[in-house]
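Heads up, start-v3.txt below (compact mmCIF, C-alpha atoms and all ligand atoms):
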```
# COMPACT_ATOMS: atom_id res chain seq x y z
CA MET A 22 5.62 -81.90 79.40
CA THR A 23 6.68 -78.43 78.30
CA GLY A 24 4.20 -75.88 76.96
CA MET A 25 5.65 -76.34 73.50
CA ASP A 26 5.02 -80.09 73.58
CA GLU A 27 1.45 -79.57 74.76
CA THR A 28 0.81 -77.15 71.91
CA ALA A 29 2.32 -79.51 69.37
CA GLN A 30 0.31 -82.43 70.73
CA ALA A 31 -2.96 -80.47 70.66
CA ALA A 32 -2.15 -79.31 67.13
CA GLY A 33 -1.52 -82.87 66.01
CA GLU A 34 -4.82 -84.00 67.52
CA VAL A 35 -6.83 -81.28 65.81
CA GLY A 36 -5.08 -82.07 62.52
CA ALA A 37 -5.93 -85.75 62.86
CA ARG A 38 -9.56 -84.95 63.68
CA LEU A 39 -9.89 -82.64 60.67
CA SER A 40 -8.24 -85.19 58.43
CA ALA A 41 -10.63 -87.97 59.49
CA ARG A 42 -13.61 -85.64 59.26
CA ILE A 43 -12.76 -84.42 55.74
CA GLU A 44 -12.05 -87.97 54.54
CA GLY A 45 -15.49 -88.90 55.86
CA TYR A 46 -17.07 -86.30 53.55
CA ARG A 47 -15.55 -87.82 50.40
CA GLN A 48 -18.73 -89.35 48.96
CA GLU A 49 -20.83 -86.35 49.96
CA MET A 50 -18.39 -84.01 48.23
CA VAL A 51 -18.74 -86.03 45.03
CA GLN A 52 -22.55 -85.95 45.31
CA PHE A 53 -22.45 -82.20 45.96
CA GLN A 54 -20.27 -81.68 42.86
CA LYS A 55 -22.75 -83.70 40.76
CA ALA A 56 -25.70 -81.71 42.07
CA LEU A 57 -23.91 -78.41 41.44
CA THR A 58 -23.11 -79.39 37.86
CA ALA A 59 -26.79 -80.08 37.19
CA VAL A 60 -27.74 -76.52 38.23
CA VAL A 61 -26.21 -74.82 35.18
CA ALA A 62 -24.89 -71.35 36.03
CA LEU A 63 -23.83 -69.25 33.06
CA GLY A 64 -23.53 -65.48 33.05
CA PRO A 65 -25.65 -63.55 30.53
CA GLU A 66 -22.57 -62.64 28.46
CA ASN A 67 -22.07 -66.38 28.09
CA GLY A 68 -25.63 -66.72 26.82
CA GLY A 69 -27.00 -68.22 30.01
CA ASP A 70 -28.68 -67.94 33.35
CA GLY A 71 -28.91 -69.99 36.54
CA GLU A 72 -26.44 -68.42 38.97
CA TRP A 73 -29.39 -67.65 41.24
CA GLU A 74 -30.66 -71.24 41.28
CA ARG A 75 -27.16 -72.48 41.99
CA ALA A 76 -26.75 -69.99 44.85
CA GLU A 77 -30.07 -71.11 46.34
CA PHE A 78 -28.98 -74.74 46.13
CA VAL A 79 -25.65 -73.94 47.81
CA ALA A 80 -27.29 -71.87 50.55
CA THR A 81 -29.84 -74.60 51.31
CA THR A 82 -27.16 -77.29 51.42
CA ALA A 83 -24.83 -75.21 53.59
CA THR A 84 -27.61 -74.56 56.07
CA ARG A 85 -28.18 -78.30 56.22
CA PHE A 86 -24.47 -78.61 57.08
CA GLY A 87 -25.08 -76.41 60.12
CA LEU A 88 -23.53 -73.26 58.68
CA PRO A 89 -25.25 -69.94 59.44
CA ALA A 90 -27.42 -68.44 56.69
CA PRO A 91 -25.23 -66.51 54.24
CA GLU A 92 -24.83 -62.75 54.15
CA ARG A 93 -26.04 -61.51 50.73
CA PHE A 94 -24.56 -58.93 48.41
CA ASP A 95 -26.70 -59.51 45.34
CA ALA A 96 -26.17 -57.26 42.32
CA PRO A 97 -29.15 -56.06 40.27
CA ASP A 98 -28.97 -57.20 36.63
CA ALA A 99 -32.10 -57.05 34.47
CA ARG A 100 -30.62 -59.49 31.95
CA VAL A 101 -31.08 -62.57 34.17
CA SER A 102 -34.39 -64.19 35.10
CA SER A 103 -33.99 -63.48 38.83
CA ALA A 104 -32.91 -59.87 38.02
CA LEU A 105 -30.14 -60.42 40.59
CA ARG A 106 -26.63 -61.81 40.44
CA PRO A 107 -26.04 -63.68 43.70
CA ASN A 108 -23.02 -63.12 45.96
CA LEU A 109 -22.89 -64.96 49.29
CA VAL A 110 -20.72 -64.92 52.37
CA PHE A 111 -20.79 -67.86 54.77
CA ARG A 112 -19.22 -66.81 58.05
CA LEU A 113 -18.23 -68.70 61.17
CA ARG A 114 -17.62 -66.16 63.89
CA GLY A 115 -14.21 -66.12 65.52
CA ARG A 116 -13.57 -65.60 69.19
CA ARG A 117 -11.43 -62.45 69.04
CA SER A 118 -10.94 -59.37 66.92
CA GLU A 119 -8.40 -61.29 64.88
CA PRO A 120 -8.06 -60.92 61.11
CA ALA A 121 -10.65 -62.94 59.22
CA THR A 122 -9.66 -65.77 56.90
CA TRP A 123 -11.44 -65.84 53.56
CA VAL A 124 -11.72 -68.30 50.74
CA LEU A 125 -13.15 -66.84 47.54
CA ALA A 126 -14.71 -69.04 44.86
CA HIS A 127 -16.99 -68.32 41.94
CA MET A 128 -20.33 -69.93 41.17
CA ASP A 129 -20.51 -69.23 37.43
CA THR A 130 -18.98 -71.50 34.82
CA VAL A 131 -18.14 -71.13 31.16
CA PRO A 132 -20.34 -72.81 28.50
CA PRO A 133 -19.42 -76.35 27.42
CA GLY A 134 -18.14 -75.27 24.00
CA GLU A 135 -18.32 -77.80 21.15
CA ARG A 136 -20.59 -80.58 22.42
CA ARG A 137 -19.15 -83.24 20.08
CA LEU A 138 -15.79 -82.89 21.86
CA TRP A 139 -17.38 -84.14 25.10
CA ASP A 140 -17.54 -87.87 25.80
CA SER A 141 -20.56 -87.34 28.06
CA ASP A 142 -23.21 -84.72 28.84
CA PRO A 143 -21.27 -81.76 30.30
CA PHE A 144 -24.08 -81.05 32.78
CA VAL A 145 -24.50 -84.62 34.02
CA ALA A 146 -21.32 -85.10 36.02
CA GLU A 147 -19.96 -88.63 35.88
CA VAL A 148 -17.34 -90.34 38.00
CA ARG A 149 -14.66 -92.13 35.97
CA ASP A 150 -11.26 -93.36 37.20
CA GLY A 151 -11.22 -91.27 40.35
CA ARG A 152 -12.32 -88.16 38.51
CA ILE A 153 -15.55 -86.21 38.29
CA VAL A 154 -16.16 -85.18 34.67
CA GLY A 155 -18.43 -82.25 33.79
CA ARG A 156 -18.48 -78.55 32.99
CA GLY A 157 -17.35 -76.50 35.96
CA VAL A 158 -16.18 -79.38 38.17
CA GLU A 159 -12.64 -77.98 38.30
CA ASP A 160 -13.33 -74.30 37.55
CA ASN A 161 -14.43 -73.38 40.14
CA GLN A 162 -16.61 -76.05 41.77
CA GLN A 163 -13.57 -77.83 43.19
CA GLY A 164 -12.58 -74.72 45.14
CA LEU A 165 -16.18 -73.94 46.10
CA THR A 166 -16.82 -77.49 47.34
CA ALA A 167 -13.48 -77.73 49.17
CA ALA A 168 -14.10 -74.40 50.93
CA LEU A 169 -17.64 -75.22 52.07
CA PHE A 170 -16.70 -78.66 53.38
CA ALA A 171 -13.67 -77.17 55.14
CA LEU A 172 -15.96 -74.76 56.96
CA ARG A 173 -18.34 -77.60 57.75
CA ALA A 174 -15.48 -79.61 59.26
CA LEU A 175 -14.94 -76.86 61.84
CA VAL A 176 -18.65 -76.91 62.71
CA ASP A 177 -18.76 -80.70 63.00
CA GLU A 178 -15.57 -80.75 65.10
CA GLY A 179 -16.85 -77.94 67.32
CA LEU A 180 -13.76 -75.85 66.60
CA ALA A 181 -14.07 -72.10 67.02
CA PRO A 182 -11.80 -70.24 64.58
CA ALA A 183 -9.50 -67.51 65.95
CA GLY A 184 -10.74 -64.81 63.57
CA ASP A 185 -13.86 -65.16 61.42
CA ALA A 186 -13.68 -68.02 58.92
CA CYS A 187 -15.45 -66.94 55.75
CA VAL A 188 -16.30 -68.42 52.38
CA MET A 189 -17.31 -65.90 49.74
CA LEU A 190 -19.08 -67.22 46.66
CA VAL A 191 -19.48 -64.79 43.80
CA ALA A 192 -21.19 -64.53 40.43
CA ASP A 193 -19.73 -63.15 37.20
CA GLU A 194 -16.10 -64.22 37.57
CA GLU A 195 -15.88 -65.61 34.06
CA THR A 196 -17.21 -62.46 32.44
CA GLY A 197 -15.55 -59.57 34.23
CA ASN A 198 -16.44 -59.55 37.98
CA ARG A 199 -18.59 -56.45 37.71
CA TYR A 200 -21.67 -58.15 39.18
CA GLY A 201 -19.55 -60.36 41.39
CA LEU A 202 -16.47 -59.47 43.40
CA GLU A 203 -16.29 -55.84 42.24
CA HIS A 204 -19.92 -55.34 43.25
CA VAL A 205 -19.34 -56.86 46.70
CA LEU A 206 -16.26 -54.71 47.33
CA ASP A 207 -18.10 -51.56 46.18
CA ALA A 208 -21.25 -52.36 48.17
CA ALA A 209 -19.32 -53.26 51.34
CA PRO A 210 -15.91 -51.55 51.29
CA ASP A 211 -15.16 -52.59 54.88
CA LEU A 212 -16.18 -56.23 54.50
CA ILE A 213 -12.61 -57.45 53.97
CA GLY A 214 -9.89 -55.81 56.03
CA ASN A 215 -6.37 -55.41 54.71
CA ARG A 216 -5.12 -57.54 57.63
CA ASP A 217 -7.46 -60.35 56.56
CA LEU A 218 -6.18 -63.46 54.83
CA MET A 219 -7.57 -64.15 51.37
CA ILE A 220 -7.15 -67.40 49.46
CA VAL A 221 -8.45 -67.86 45.93
CA PRO A 222 -8.52 -71.56 44.96
CA ASP A 223 -8.90 -70.91 41.24
CA ALA A 224 -5.48 -71.68 39.77
CA GLY A 225 -2.62 -73.90 40.84
CA SER A 226 -0.45 -76.83 39.98
CA PRO A 227 -0.98 -80.62 39.88
CA ASP A 228 1.24 -81.14 42.95
CA GLY A 229 -0.60 -78.44 44.92
CA ALA A 230 2.66 -76.71 45.84
CA SER A 231 2.37 -73.50 43.79
CA ILE A 232 1.10 -70.38 45.52
CA GLU A 233 0.57 -67.53 43.08
CA ILE A 234 1.30 -64.15 44.63
CA ALA A 235 2.09 -61.88 41.69
CA GLU A 236 1.16 -61.16 38.11
CA LYS A 237 2.82 -59.43 35.21
CA SER A 238 1.44 -56.31 33.59
CA THR A 239 -0.51 -56.83 30.37
CA LEU A 240 -0.32 -54.66 27.26
CA TRP A 241 -2.10 -55.39 24.00
CA VAL A 242 -0.83 -53.38 21.05
CA GLU A 243 -2.90 -52.96 17.89
CA PHE A 244 -1.25 -51.71 14.69
CA THR A 245 -2.98 -50.51 11.56
CA VAL A 246 -0.49 -50.02 8.74
CA HIS A 247 -1.75 -47.82 5.91
CA GLY A 248 -0.06 -48.12 2.50
CA ARG A 249 -1.49 -47.88 -1.00
CA GLN A 250 -3.00 -50.81 -2.86
CA VAL A 251 -1.90 -51.43 -6.48
CA HIS A 252 -1.47 -54.25 -8.97
CA ALA A 253 1.41 -56.45 -7.85
CA SER A 254 3.15 -56.09 -11.22
CA ILE A 255 3.72 -52.35 -10.64
CA PRO A 256 4.60 -52.24 -6.92
CA ASP A 257 6.47 -48.94 -7.19
CA ALA A 258 3.16 -47.19 -7.86
CA GLY A 259 1.86 -48.21 -4.45
CA VAL A 260 3.00 -48.72 -0.88
CA ASN A 261 3.08 -52.33 0.29
CA ALA A 262 1.56 -52.33 3.77
CA HIS A 263 2.38 -56.01 4.19
CA ARG A 264 6.12 -55.42 3.73
CA ALA A 265 6.04 -52.58 6.25
CA ALA A 266 4.05 -54.74 8.69
CA ALA A 267 6.51 -57.61 8.31
CA HIS A 268 9.47 -55.35 9.09
CA LEU A 269 7.56 -53.83 11.98
CA THR A 270 6.90 -57.31 13.41
CA VAL A 271 10.49 -58.48 13.10
CA ARG A 272 11.93 -55.28 14.56
CA LEU A 273 9.59 -55.34 17.53
CA ASP A 274 10.32 -59.03 18.01
CA GLN A 275 14.02 -58.18 18.33
CA ARG A 276 13.93 -54.77 19.98
CA LEU A 277 11.33 -55.28 22.71
CA PRO A 278 13.06 -58.24 24.42
CA ALA A 279 16.40 -56.42 24.06
CA ALA A 280 14.99 -53.25 25.64
CA PHE A 281 13.42 -55.12 28.59
CA PRO A 282 15.89 -57.88 29.45
CA ARG A 283 15.38 -58.19 33.22
CA THR A 284 14.44 -61.57 34.64
CA ASP A 285 12.75 -62.43 37.92
CA ALA A 286 12.88 -66.05 39.09
CA LEU A 287 9.55 -65.64 40.93
CA TYR A 288 7.76 -65.64 37.60
CA ASP A 289 6.87 -68.48 35.33
CA LEU A 290 8.20 -67.42 32.69
CA PRO A 291 10.95 -65.39 34.38
CA ARG A 292 11.18 -62.80 31.58
CA SER A 293 8.84 -60.29 29.96
CA THR A 294 7.22 -61.64 26.79
CA PHE A 295 6.29 -59.78 23.60
CA GLU A 296 4.34 -61.98 21.23
CA PRO A 297 3.12 -61.13 17.74
CA THR A 298 -0.33 -62.74 17.78
CA ARG A 299 -3.36 -61.79 15.73
CA HIS A 300 -2.83 -60.76 12.11
CA ASP A 301 -5.99 -60.10 10.09
CA ALA A 302 -6.41 -61.24 6.51
CA ASN A 303 -5.48 -58.67 3.90
CA VAL A 304 -6.19 -59.13 0.20
CA PRO A 305 -7.75 -62.40 -0.98
CA ASN A 306 -5.74 -62.56 -4.20
CA VAL A 307 -2.06 -63.01 -5.00
CA ASN A 308 -1.65 -60.27 -7.61
CA THR A 309 -2.55 -57.27 -5.45
CA VAL A 310 -0.18 -55.31 -3.22
CA PRO A 311 -2.02 -54.95 0.11
CA GLY A 312 -2.85 -51.38 1.08
CA GLU A 313 -3.67 -52.06 4.72
CA GLU A 314 -2.54 -54.45 7.47
CA HIS A 315 -3.97 -55.03 10.91
CA LEU A 316 -1.91 -56.85 13.53
CA PHE A 317 -1.47 -57.21 17.28
CA PHE A 318 1.14 -57.90 19.94
CA ASP A 319 0.39 -59.40 23.34
CA CYS A 320 2.95 -58.20 25.91
CA ARG A 321 3.32 -59.57 29.47
CA VAL A 322 5.74 -57.34 31.30
CA LEU A 323 7.52 -57.77 34.61
CA PRO A 324 6.18 -55.16 37.03
CA SER A 325 9.65 -53.63 37.50
CA TYR A 326 9.08 -52.00 34.09
CA SER A 327 6.32 -49.48 33.45
CA LEU A 328 4.01 -49.98 30.49
CA GLY A 329 4.85 -46.39 29.51
CA GLU A 330 8.44 -47.50 28.83
CA VAL A 331 7.16 -50.32 26.62
CA LYS A 332 4.85 -47.99 24.72
CA ALA A 333 7.76 -45.61 24.05
CA VAL A 334 9.80 -48.38 22.42
CA VAL A 335 6.79 -49.61 20.42
CA GLU A 336 6.04 -46.14 19.08
CA GLY A 337 9.72 -45.43 18.33
CA VAL A 338 9.92 -48.55 16.16
CA ALA A 339 6.61 -47.68 14.46
CA ARG A 340 7.90 -44.17 13.55
CA GLU A 341 11.10 -45.69 12.19
CA VAL A 342 9.20 -48.15 9.96
CA GLU A 343 6.83 -45.39 8.83
CA ALA A 344 9.76 -43.27 7.66
CA GLU A 345 11.58 -46.12 5.98
CA PHE A 346 8.58 -47.59 4.12
CA ALA A 347 6.60 -44.39 3.43
CA CYS A 348 3.51 -45.73 5.18
CA ALA A 349 1.41 -44.52 8.11
CA ILE A 350 1.07 -46.65 11.24
CA ASP A 351 -1.68 -46.13 13.82
CA VAL A 352 -0.87 -47.57 17.24
CA ALA A 353 -3.63 -48.33 19.74
CA TYR A 354 -3.71 -50.19 23.07
CA PRO A 355 -6.91 -52.20 23.57
CA VAL A 356 -5.63 -53.41 26.96
CA THR A 357 -3.27 -51.53 29.27
CA MET A 358 -3.29 -53.25 32.64
CA ALA A 359 -0.50 -52.46 35.07
CA ALA A 360 0.17 -55.35 37.45
CA ALA A 361 -1.46 -55.11 40.85
CA PRO A 362 1.03 -54.76 43.71
CA PRO A 363 2.18 -58.32 44.46
CA THR A 364 1.30 -60.13 47.67
CA THR A 365 4.62 -60.29 49.49
CA ALA A 366 6.37 -63.58 50.20
CA ASP A 367 6.13 -62.93 53.96
CA ALA A 368 2.44 -61.93 53.96
CA PRO A 369 0.40 -63.71 56.68
CA VAL A 370 -1.78 -65.43 54.07
CA VAL A 371 1.32 -66.97 52.48
CA ARG A 372 2.68 -68.08 55.86
CA VAL A 373 -0.60 -69.63 57.01
CA LEU A 374 -1.27 -71.35 53.68
CA SER A 375 2.29 -72.70 53.48
CA ALA A 376 2.03 -74.02 57.04
CA ALA A 377 -1.33 -75.65 56.25
CA LEU A 378 0.09 -77.31 53.12
CA HIS A 379 2.98 -78.62 55.14
CA GLY A 380 0.90 -79.73 58.09
CA ALA A 381 -1.94 -81.32 56.12
CA ARG A 382 -0.01 -82.82 53.24
CA GLY A 383 3.72 -82.54 53.92
CA VAL A 384 4.00 -80.35 50.82
CA ASP A 385 6.63 -77.59 50.67
CA SER A 386 5.11 -74.66 48.86
CA ARG A 387 6.77 -72.59 46.16
CA LEU A 388 5.82 -69.00 45.40
CA LEU A 389 5.02 -68.01 41.87
CA GLY A 390 4.22 -65.08 39.62
CA ILE A 391 2.23 -65.67 36.44
CA GLY A 392 1.54 -63.95 33.13
CA GLY A 393 -1.83 -62.79 34.47
CA GLY A 394 -4.59 -62.21 35.24
CA THR A 395 -6.68 -63.73 37.95
CA VAL A 396 -9.41 -62.29 40.11
CA ALA A 397 -6.78 -61.87 42.85
CA ALA A 398 -5.59 -58.72 41.05
CA VAL A 399 -8.95 -57.10 41.88
CA LEU A 400 -8.23 -57.70 45.57
CA ARG A 401 -4.56 -56.70 45.45
CA ARG A 402 -5.44 -53.41 43.75
CA ARG A 403 -7.64 -52.67 46.76
CA GLY A 404 -4.83 -53.40 49.18
CA ILE A 405 -6.02 -56.90 50.15
CA PRO A 406 -3.15 -59.43 49.98
CA ALA A 407 -4.41 -62.52 48.18
CA ALA A 408 -2.85 -65.90 47.45
CA VAL A 409 -4.08 -68.01 44.56
CA TRP A 410 -3.75 -71.69 45.21
CA ALA A 411 -5.36 -75.06 44.49
CA THR A 412 -4.37 -78.54 43.35
CA LEU A 413 -5.37 -78.42 39.73
CA GLU A 414 -4.64 -80.23 36.52
CA GLU A 415 -5.65 -77.18 34.48
CA ALA A 416 -8.62 -78.87 32.81
CA ALA A 417 -10.61 -75.64 33.15
CA HIS A 418 -12.61 -74.50 30.10
CA SER A 419 -11.65 -77.61 28.11
CA PRO A 420 -13.97 -80.37 26.88
CA ASN A 421 -14.27 -83.28 29.37
CA GLU A 422 -13.27 -80.93 32.19
CA TYR A 423 -12.53 -83.01 35.25
CA CYS A 424 -11.77 -82.75 38.94
CA VAL A 425 -9.51 -85.36 40.56
CA ILE A 426 -11.44 -86.51 43.64
CA ASP A 427 -8.25 -86.95 45.68
CA ASN A 428 -7.33 -83.32 44.90
CA LEU A 429 -10.77 -82.15 46.00
CA VAL A 430 -10.46 -83.96 49.33
CA ALA A 431 -6.85 -82.87 49.83
CA ASP A 432 -7.69 -79.22 49.12
CA ALA A 433 -10.61 -79.30 51.54
CA LEU A 434 -8.22 -80.50 54.26
CA VAL A 435 -5.70 -77.74 53.56
CA LEU A 436 -8.47 -75.13 53.73
CA ALA A 437 -9.75 -76.67 56.96
CA TYR A 438 -6.24 -76.31 58.40
CA VAL A 439 -6.18 -72.68 57.26
CA PHE A 440 -9.54 -71.97 58.87
CA ALA A 441 -8.47 -73.73 62.06
CA ALA A 442 -5.06 -71.99 62.27
CA GLY A 443 -4.83 -70.32 65.65
CA CYS A 444 -8.10 -71.83 66.89
CA GLU A 445 -8.30 -72.55 70.60
CA GLU A 446 -7.04 -76.11 70.33
CA GLY A 447 -4.49 -75.30 67.63
CA VAL A 448 -3.65 -77.16 64.49
CA ALA A 449 -0.39 -78.57 63.16
CA GLY A 450 1.64 -76.02 61.23
ZN ZN B 1 -12.32 -69.88 37.64
```
Spit out the file's structure as structure tokens when you get a sec.
Ligand SMILES: [Zn+2]
Amino acid sequence: MTGMDETAQAAGEVGARLSARIEGYRQEMVQFQKALTAVVALGPENGGDGEWERAEFVATTATRFGLPAPERFDAPDARVSSALRPNLVFRLRGRRSEPATWVLAHMDTVPPGERRLWDSDPFVAEVRDGRIVGRGVEDNQQGLTAALFALRALVDEGLAPAGDACVMLVADEETGNRYGLEHVLDAAPDLIGNRDLMIVPDAGSPDGASIEIAEKSTLWVEFTVHGRQVHASIPDAGVNAHRAAAHLTVRLDQRLPAAFPRTDALYDLPRSTFEPTRHDANVPNVNTVPGEEHLFFDCRVLPSYSLGEVKAVVEGVAREVEAEFACAIDVAYPVTMAAAPPTTADAPVVRVLSAALHGARGVDSRLLGIGGGTVAAVLRRRGIPAAVWATLEEAAHSPNEYCVIDNLVADALVLAYVFAAGCEEGVAG
């Protein structure tokens, strides 16, 4: 037998062991999801509490799995009962000074929203038709559960990872990351190396093939159009802000796409988008010419354009409409967020994840850019290449949120393959 054959055979054996091991966890993963759901974890901005209790539950359970006690990077926050926002790192030590492999998931969830839209108690997870139903079960408990059981599979199989295999669980993802990932990266700037592999299982596609590696830039434009209010029967005595705003909207709707026509097939959608969105109510009655209008555009721009170029076109059109309609237009930008540098298609994290998807599930991955923005941008801005991936039906934040149990198990296996990539006995790629 050649060396190549031996490697392939060993890889196949490890893959088969991981597959059987993960499948054996199926019922436990469902129970763990149910228990997690019962420990409600809402950030204070979402009117809640409980991240600490959830972190304690996770740490206790993980220790029972045989994982080492987590490293802690808790962030002080007087608004919560524990006065701390928990951030945990579970680490299995690797054998060499190889890059570490990380999976990042968040422990907080969003509130249930309108209770009458739920068919069952959002915090009592139920199993129906192969799905777990409850608040948080997909976002992000599926990723959290898959990652922890993947790490456990290495422990139970006695596999030593090549580099450190780490699961980071953070608070505050749903409300800005300040007490979560941003805090961890500020408190421990050397924790994650820029050679490390970082997977964020918090967005994806139902077939599990999409790997998100790039985002568009985001620009929100806010216009206040000042005219002069008068009785609608004598419009010449005033300045109709509504007419000016309507022309402004139509011109921007035509001129912005024309000024930024590039397409990039990596992105879903492949073009930049410029959407007129919010438009506040003006006068409540029909017989008054409105004197002021307040409207917004939401722009998602391919990173090959700068947001400065977009602003120049926006302001040029605003000046034009001002002159033509004798009004004044204030332009403000409530959000200006240049896209983080994309993770490249040949980055190690993309290669390893694609190989794991192929080896564990026979799935050929496809790379994808999105309108933005995920927590991966926080990492990419700090020079850490991150890939966002999971098998998701996009039930996040909706009533009757659910997690497909087969997806949970399948994702755990892919992450186990990722953690085991390059381990002594090898794993199918
Ligand atoms: Zn999430």
- [ ] Calculate how many Å separate CA of Val338 in chain A from CA of Cys320 in chain A, rounding to one decimal.
- [x]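 Atom-to-atom, CA of Val338 in chain A and CA of Cys320 in chain A are spaced 15.4 Å apart.
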TODO: Name all residues at most 7 Å from Glu422 in chain A (count all atoms listed in the file; drop same-chain ones fewer than 2 positions away) and give them as a ChimeraX atom specification.
DONE: /A:154-156,158-159,416-420
Which protein, DNA or RNA residues have an atom within 12 Å of ligand ZN 1 (chain B), counting only C-alpha atoms and all ligand atoms, as a short mmCIF file (atom, residue, chain, number, x, y, z; two decimals) with C-alpha atoms, in the frame of the given file?
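And here's selection29.cif as it stands now:
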```
data_model
loop_
_atom_site.label_atom_id
_atom_site.label_comp_id
_atom_site.auth_asym_id
_atom_site.auth_seq_id
_atom_site.Cartn_x
_atom_site.Cartn_y
_atom_site.Cartn_z
CA LEU A 125 -13.15 -66.84 47.54
CA ALA A 126 -14.71 -69.04 44.86
CA HIS A 127 -16.99 -68.32 41.94
CA MET A 128 -20.33 -69.93 41.17
CA ASP A 129 -20.51 -69.23 37.43
CA THR A 130 -18.98 -71.50 34.82
CA VAL A 131 -18.14 -71.13 31.16
CA ARG A 156 -18.48 -78.55 32.99
CA GLY A 157 -17.35 -76.50 35.96
CA VAL A 158 -16.18 -79.38 38.17
CA GLU A 159 -12.64 -77.98 38.30
CA ASP A 160 -13.33 -74.30 37.55
CA ASN A 161 -14.43 -73.38 40.14
CA GLN A 162 -16.61 -76.05 41.77
CA GLN A 163 -13.57 -77.83 43.19
CA GLY A 164 -12.58 -74.72 45.14
CA LEU A 165 -16.18 -73.94 46.10
CA LEU A 190 -19.08 -67.22 46.66
CA VAL A 191 -19.48 -64.79 43.80
CA ALA A 192 -21.19 -64.53 40.43
CA ASP A 193 -19.73 -63.15 37.20
CA GLU A 194 -16.10 -64.22 37.57
CA GLU A 195 -15.88 -65.61 34.06
CA THR A 196 -17.21 -62.46 32.44
CA GLY A 197 -15.55 -59.57 34.23
CA ASN A 198 -16.44 -59.55 37.98
CA VAL A 221 -8.45 -67.86 45.93
CA PRO A 222 -8.52 -71.56 44.96
CA ASP A 223 -8.90 -70.91 41.24
CA ALA A 224 -5.48 -71.68 39.77
CA GLY A 225 -2.62 -73.90 40.84
CA GLY A 394 -4.59 -62.21 35.24
CA THR A 395 -6.68 -63.73 37.95
CA VAL A 396 -9.41 -62.29 40.11
CA ALA A 397 -6.78 -61.87 42.85
CA VAL A 409 -4.08 -68.01 44.56
CA TRP A 410 -3.75 -71.69 45.21
CA ALA A 411 -5.36 -75.06 44.49
CA LEU A 413 -5.37 -78.42 39.73
CA GLU A 415 -5.65 -77.18 34.48
CA ALA A 416 -8.62 -78.87 32.81
CA ALA A 417 -10.61 -75.64 33.15
CA HIS A 418 -12.61 -74.50 30.10
#
```
- [ ] Figure out the distance between CA of Val399 in chain A and CA of Leu202 in chain A, please, to one decimal in Å.
- [x]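 CA of Val399 in chain A lies 8.0 Å from CA of Leu202 in chain A.
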Take every atom of range 419-426 of chain A listed in the file, pad by 8 Å on each side, and give me the axis-aligned box centre and edge lengths in Å, one decimal, as AutoDock Vina command-line options.
```
--center_x -11.9 --center_y -82.1 --center_z 35.3 --size_x 20.8 --size_y 24.9 --size_z 32.8
```
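Distance check against Val246 in chain A using all atoms listed in the file: of A:Met50, A:Val342, A:Val371, A:Ala266, the minimum falls on A:Ala266.
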- [ ] Quick one: everything within 7 Å of range 352-365 of chain A, counting only C-alpha atoms, minus sequence neighbours fewer than 4 positions away in the same chain. Send it as a list in words.
- [x]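 The residues satisfying every condition are Ile234, Ala235, Glu236, Lys237, Ser238, Thr239, Leu240, Trp241, Val242, Glu243, Phe244, Thr245, Pro324, Leu328, Ala398, Arg401, Arg402, Pro406 and Ala407 of chain A.
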For range 126-194 of chain A against range 105-118 of chain A, with a cut-off of 10 Å and counting all atoms listed in the file, what is the closest atom pair and its distance in Å to one decimal for every residue that makes the cut, ordered by chain and number, as CSV?
```
residue,atom,partner,partner_atom,distance
A:His127,CA,A:Asn108,CA,8.9
A:Met128,CA,A:Asn108,CA,8.7
A:Leu169,CA,A:Phe111,CA,8.4
A:Leu172,CA,A:Leu113,CA,7.7
A:Arg173,CA,A:Leu113,CA,9.5
A:Leu175,CA,A:Leu113,CA,8.8
A:Val176,CA,A:Leu113,CA,8.4
A:Leu180,CA,A:Gly115,CA,9.8
A:Ala181,CA,A:Gly115,CA,6.2
A:Pro182,CA,A:Gly115,CA,4.9
A:Ala183,CA,A:Gly115,CA,4.9
A:Gly184,CA,A:Gly115,CA,4.2
A:Asp185,CA,A:Gly115,CA,4.2
A:Ala186,CA,A:Leu113,CA,5.1
A:Cys187,CA,A:Arg112,CA,4.4
A:Val188,CA,A:Phe111,CA,5.1
A:Met189,CA,A:Val110,CA,4.4
A:Leu190,CA,A:Leu109,CA,5.2
A:Val191,CA,A:Asn108,CA,4.5
A:Ala192,CA,A:Pro107,CA,5.9
A:Asp193,CA,A:Arg106,CA,7.7
```
Selection export as a compact mmCIF listing (two decimals), keeping the file's coordinate frame, atoms kept: C-alpha atoms:
```txt
# COMPACT_ATOMS: atom_id res chain seq x y z
CA HIS A 127 -16.99 -68.32 41.94
CA MET A 128 -20.33 -69.93 41.17
CA LEU A 169 -17.64 -75.22 52.07
CA LEU A 172 -15.96 -74.76 56.96
CA ARG A 173 -18.34 -77.60 57.75
CA LEU A 175 -14.94 -76.86 61.84
CA VAL A 176 -18.65 -76.91 62.71
CA LEU A 180 -13.76 -75.85 66.60
CA ALA A 181 -14.07 -72.10 67.02
CA PRO A 182 -11.80 -70.24 64.58
CA ALA A 183 -9.50 -67.51 65.95
CA GLY A 184 -10.74 -64.81 63.57
CA ASP A 185 -13.86 -65.16 61.42
CA ALA A 186 -13.68 -68.02 58.92
CA CYS A 187 -15.45 -66.94 55.75
CA VAL A 188 -16.30 -68.42 52.38
CA MET A 189 -17.31 -65.90 49.74
CA LEU A 190 -19.08 -67.22 46.66
CA VAL A 191 -19.48 -64.79 43.80
CA ALA A 192 -21.19 -64.53 40.43
CA ASP A 193 -19.73 -63.15 37.20
```
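Note that the spacing between CA of Val425 in chain A and CA of Gly392 in chain A amounts to 25.2 Å.
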